[in-house]
Amino acid sequence: MSDTGPALLYSGKVEPPGAKRSNGRGRPTREQSEQRHLELLDRALDLFLERGFDGTSIEAIVDSLRMARRTVYARYGDKLTLFKAALQRAIDRLVISHATLRMAETDSLEETLLNVTRNIVANMRTPEGLRLMRIANAEAFTKPEIGAYLWERTGGVTLIYLTDLFERRLDPEHASDAALAFYQLMIDGAFRTWLWLRPSDDEIDRQAVYRIRLFMAGMGRPISDI
């Protein structure tokens, strides 16, 4: 990921619409406008997931919220832009930051890796995480910029952290390769195993410990108890 971050899905106005009410009661407050806008993005994402992008209209979204259509069209212009804005907000809310991941570190590298895996997979397994994965994966084939943004803001952030971790504590020369191998083996593998087979949390942990030991052995490093 570059220092400037991934290309945004939506880069329009960030302030709330703040349009005048037509019923004579004056302007809503800034907080009211922003809350209404967030309700719009949440409701849009719900309907896009339920009906798919092609099966959802702006009219259906705004009618379900009793919102003026002109307000939505003035801000977003079309359905695709609204979709990207709603998806971008959901992706950004799912991200686990570099600082948060560092808080899971202990003196034991193996324990640190287990903590990191647990935190990320648990985040992906939340209702919000699963909802996001479903709709992003469904639309990424026809809208590849969505898949790219999702990866950079989730997997990409994790890889930056893992590369830094391995540079500090494992193998500076091959840190980036080790980070990608670990991500694919542990995090992506653990989530996909849970998604398709639905093992218990204890079984997920058992498999995670086994895979971490495989990883450490592959790196030629001693294995401690975890």
# chains A, B, ... in the order shown; residues from 1 in each chain; ligands from 1

call {"tool": "residues_around", "arguments": {"residues": "Thr117 of chain A", "least_positions_apart": "6", "cutoff": "10 Å", "atoms": "only C-alpha atoms", "output": "ChimeraX atom specification"}}
result
/A:101,104,111,123,182-183,186-188,190-191,205,208,212

call {"tool": "residues_around", "arguments": {"residues": "Leu113 of chain A", "least_positions_apart": "4", "cutoff": "12 Å", "atoms": "only C-alpha atoms", "output": "ChimeraX atom specification"}}
result
/A:101-109,117-120,158,161-162,165-166,169-170,179,182-183,185-187,205,208-213,215-216,226

call {"tool": "select_by_dssp", "arguments": {"residues": "segment 16-212 of chain A", "states": "alpha helix (DSSP H)", "output": "count of residues only"}}
result
143

call {"tool": "residues_around", "arguments": {"residues": "segment 55-60 of chain A", "least_positions_apart": "2", "cutoff": "9 Å", "atoms": "only C-alpha atoms", "output": "PyMOL selection string"}}
result
chain A and resi 44+47-48+50-53+62-65+69+72-73+78-79+82

call {"tool": "closest_residue", "arguments": {"among": "A:Arg221, A:Arg192, A:Lys84, A:Arg43", "to": "Ala136 of chain A", "atoms": "only C-alpha atoms"}}
result
A:Lys84

call {"tool": "atom_distance", "arguments": {"atom1": "atom CA of Leu132 of chain A", "atom2": "atom CA of Ala90 of chain A"}}
result
7.0 Å

call {"tool": "closest_residue", "arguments": {"among": "A:Ala140, A:Met67, A:Ile96, A:Ala85", "to": "Tyr10 of chain A", "atoms": "only C-alpha atoms"}}
result
A:Ala85

call {"tool": "closest_residue", "arguments": {"among": "A:Gln207, A:Asp92, A:Arg75, A:Ala7", "to": "Leu40 of chain A", "atoms": "only C-alpha atoms"}}
result
A:Arg75

call {"tool": "atom_distance", "arguments": {"atom1": "atom CA of Gln35 of chain A", "atom2": "atom CA of Gly129 of chain A"}}
result
21.9 Å

call {"tool": "atom_distance", "arguments": {"atom1": "atom CA of Phe83 of chain A", "atom2": "atom CA of Leu41 of chain A"}}
result
8.2 Å

call {"tool": "decode", "arguments": {"residues": "segment 55-83 of chain A", "atoms": "N, CA and C atoms", "output": "PDB file, in the first residue's frame"}}
result
ATOM      1  N   GLY A  55     -30.635  -5.273  -8.553  1.00  0.00           N
ATOM      2  CA  GLY A  55     -32.018  -5.343  -8.085  1.00  0.00           C
ATOM      3  C   GLY A  55     -32.416  -4.245  -7.124  1.00  0.00           C
ATOM      4  N   THR A  56     -31.510  -3.312  -6.876  1.00  0.00           N
ATOM      5  CA  THR A  56     -31.781  -2.233  -5.925  1.00  0.00           C
ATOM      6  C   THR A  56     -31.798  -0.896  -6.651  1.00  0.00           C
ATOM      7  N   SER A  57     -32.770  -0.075  -6.333  1.00  0.00           N
ATOM      8  CA  SER A  57     -32.869   1.258  -6.937  1.00  0.00           C
ATOM      9  C   SER A  57     -32.707   2.315  -5.853  1.00  0.00           C
ATOM     10  N   ILE A  58     -32.274   3.491  -6.266  1.00  0.00           N
ATOM     11  CA  ILE A  58     -32.208   4.606  -5.324  1.00  0.00           C
ATOM     12  C   ILE A  58     -33.589   4.906  -4.771  1.00  0.00           C
ATOM     13  N   GLU A  59     -34.600   4.787  -5.613  1.00  0.00           N
ATOM     14  CA  GLU A  59     -35.963   5.073  -5.171  1.00  0.00           C
ATOM     15  C   GLU A  59     -36.374   4.160  -4.027  1.00  0.00           C
ATOM     16  N   ALA A  60     -36.020   2.864  -4.123  1.00  0.00           N
ATOM     17  CA  ALA A  60     -36.368   1.923  -3.066  1.00  0.00           C
ATOM     18  C   ALA A  60     -35.656   2.276  -1.766  1.00  0.00           C
ATOM     19  N   ILE A  61     -34.422   2.717  -1.888  1.00  0.00           N
ATOM     20  CA  ILE A  61     -33.647   3.066  -0.695  1.00  0.00           C
ATOM     21  C   ILE A  61     -34.243   4.291  -0.009  1.00  0.00           C
ATOM     22  N   VAL A  62     -34.448   5.354  -0.759  1.00  0.00           N
ATOM     23  CA  VAL A  62     -34.912   6.599  -0.136  1.00  0.00           C
ATOM     24  C   VAL A  62     -36.359   6.476   0.327  1.00  0.00           C
ATOM     25  N   ASP A  63     -37.176   5.709  -0.403  1.00  0.00           N
ATOM     26  CA  ASP A  63     -38.565   5.540   0.019  1.00  0.00           C
ATOM     27  C   ASP A  63     -38.643   4.804   1.348  1.00  0.00           C
ATOM     28  N   SER A  64     -37.729   3.837   1.562  1.00  0.00           N
ATOM     29  CA  SER A  64     -37.755   3.089   2.820  1.00  0.00           C
ATOM     30  C   SER A  64     -37.351   3.960   4.001  1.00  0.00           C
ATOM     31  N   LEU A  65     -36.685   5.088   3.725  1.00  0.00           N
ATOM     32  CA  LEU A  65     -36.251   6.016   4.769  1.00  0.00           C
ATOM     33  C   LEU A  65     -37.102   7.275   4.821  1.00  0.00           C
ATOM     34  N   ARG A  66     -38.066   7.405   3.902  1.00  0.00           N
ATOM     35  CA  ARG A  66     -38.871   8.629   3.794  1.00  0.00           C
ATOM     36  C   ARG A  66     -37.962   9.848   3.606  1.00  0.00           C
ATOM     37  N   MET A  67     -37.012   9.694   2.727  1.00  0.00           N
ATOM     38  CA  MET A  67     -36.036  10.747   2.455  1.00  0.00           C
ATOM     39  C   MET A  67     -36.316  11.351   1.081  1.00  0.00           C
ATOM     40  N   ALA A  68     -36.005  12.624   0.925  1.00  0.00           N
ATOM     41  CA  ALA A  68     -36.214  13.289  -0.356  1.00  0.00           C
ATOM     42  C   ALA A  68     -35.223  12.754  -1.390  1.00  0.00           C
ATOM     43  N   ARG A  69     -35.714  12.341  -2.528  1.00  0.00           N
ATOM     44  CA  ARG A  69     -34.842  11.792  -3.562  1.00  0.00           C
ATOM     45  C   ARG A  69     -33.850  12.830  -4.080  1.00  0.00           C
ATOM     46  N   ARG A  70     -34.281  14.067  -4.162  1.00  0.00           N
ATOM     47  CA  ARG A  70     -33.397  15.103  -4.701  1.00  0.00           C
ATOM     48  C   ARG A  70     -32.155  15.267  -3.820  1.00  0.00           C
ATOM     49  N   THR A  71     -32.294  15.046  -2.507  1.00  0.00           N
ATOM     50  CA  THR A  71     -31.138  15.162  -1.614  1.00  0.00           C
ATOM     51  C   THR A  71     -30.087  14.119  -1.954  1.00  0.00           C
ATOM     52  N   VAL A  72     -30.539  12.875  -2.201  1.00  0.00           N
ATOM     53  CA  VAL A  72     -29.614  11.777  -2.508  1.00  0.00           C
ATOM     54  C   VAL A  72     -28.986  11.987  -3.877  1.00  0.00           C
ATOM     55  N   TYR A  73     -29.789  12.334  -4.859  1.00  0.00           N
ATOM     56  CA  TYR A  73     -29.252  12.552  -6.206  1.00  0.00           C
ATOM     57  C   TYR A  73     -28.293  13.736  -6.235  1.00  0.00           C
ATOM     58  N   ALA A  74     -28.578  14.789  -5.442  1.00  0.00           N
ATOM     59  CA  ALA A  74     -27.695  15.946  -5.425  1.00  0.00           C
ATOM     60  C   ALA A  74     -26.323  15.585  -4.853  1.00  0.00           C
ATOM     61  N   ARG A  75     -26.309  14.686  -3.906  1.00  0.00           N
ATOM     62  CA  ARG A  75     -25.044  14.318  -3.266  1.00  0.00           C
ATOM     63  C   ARG A  75     -24.280  13.265  -4.047  1.00  0.00           C
ATOM     64  N   TYR A  76     -24.987  12.256  -4.554  1.00  0.00           N
ATOM     65  CA  TYR A  76     -24.309  11.108  -5.174  1.00  0.00           C
ATOM     66  C   TYR A  76     -24.466  11.033  -6.691  1.00  0.00           C
ATOM     67  N   GLY A  77     -25.533  11.532  -7.199  1.00  0.00           N
ATOM     68  CA  GLY A  77     -25.689  11.558  -8.651  1.00  0.00           C
ATOM     69  C   GLY A  77     -26.262  10.294  -9.246  1.00  0.00           C
ATOM     70  N   ASP A  78     -25.781   9.126  -8.811  1.00  0.00           N
ATOM     71  CA  ASP A  78     -26.285   7.873  -9.377  1.00  0.00           C
ATOM     72  C   ASP A  78     -26.122   6.746  -8.365  1.00  0.00           C
ATOM     73  N   LYS A  79     -26.687   5.596  -8.721  1.00  0.00           N
ATOM     74  CA  LYS A  79     -26.710   4.461  -7.803  1.00  0.00           C
ATOM     75  C   LYS A  79     -25.321   3.892  -7.540  1.00  0.00           C
ATOM     76  N   LEU A  80     -24.479   3.842  -8.557  1.00  0.00           N
ATOM     77  CA  LEU A  80     -23.151   3.266  -8.386  1.00  0.00           C
ATOM     78  C   LEU A  80     -22.331   4.076  -7.384  1.00  0.00           C
ATOM     79  N   THR A  81     -22.412   5.388  -7.447  1.00  0.00           N
ATOM     80  CA  THR A  81     -21.668   6.224  -6.513  1.00  0.00           C
ATOM     81  C   THR A  81     -22.165   6.028  -5.089  1.00  0.00           C
ATOM     82  N   LEU A  82     -23.479   5.934  -4.904  1.00  0.00           N
ATOM     83  CA  LEU A  82     -24.040   5.667  -3.589  1.00  0.00           C
ATOM     84  C   LEU A  82     -23.571   4.309  -3.069  1.00  0.00           C
ATOM     85  N   PHE A  83     -23.569   3.310  -3.938  1.00  0.00           N
ATOM     86  CA  PHE A  83     -23.115   1.972  -3.570  1.00  0.00           C
ATOM     87  C   PHE A  83     -21.662   2.004  -3.090  1.00  0.00           C
TER      88      PHE A  83
END
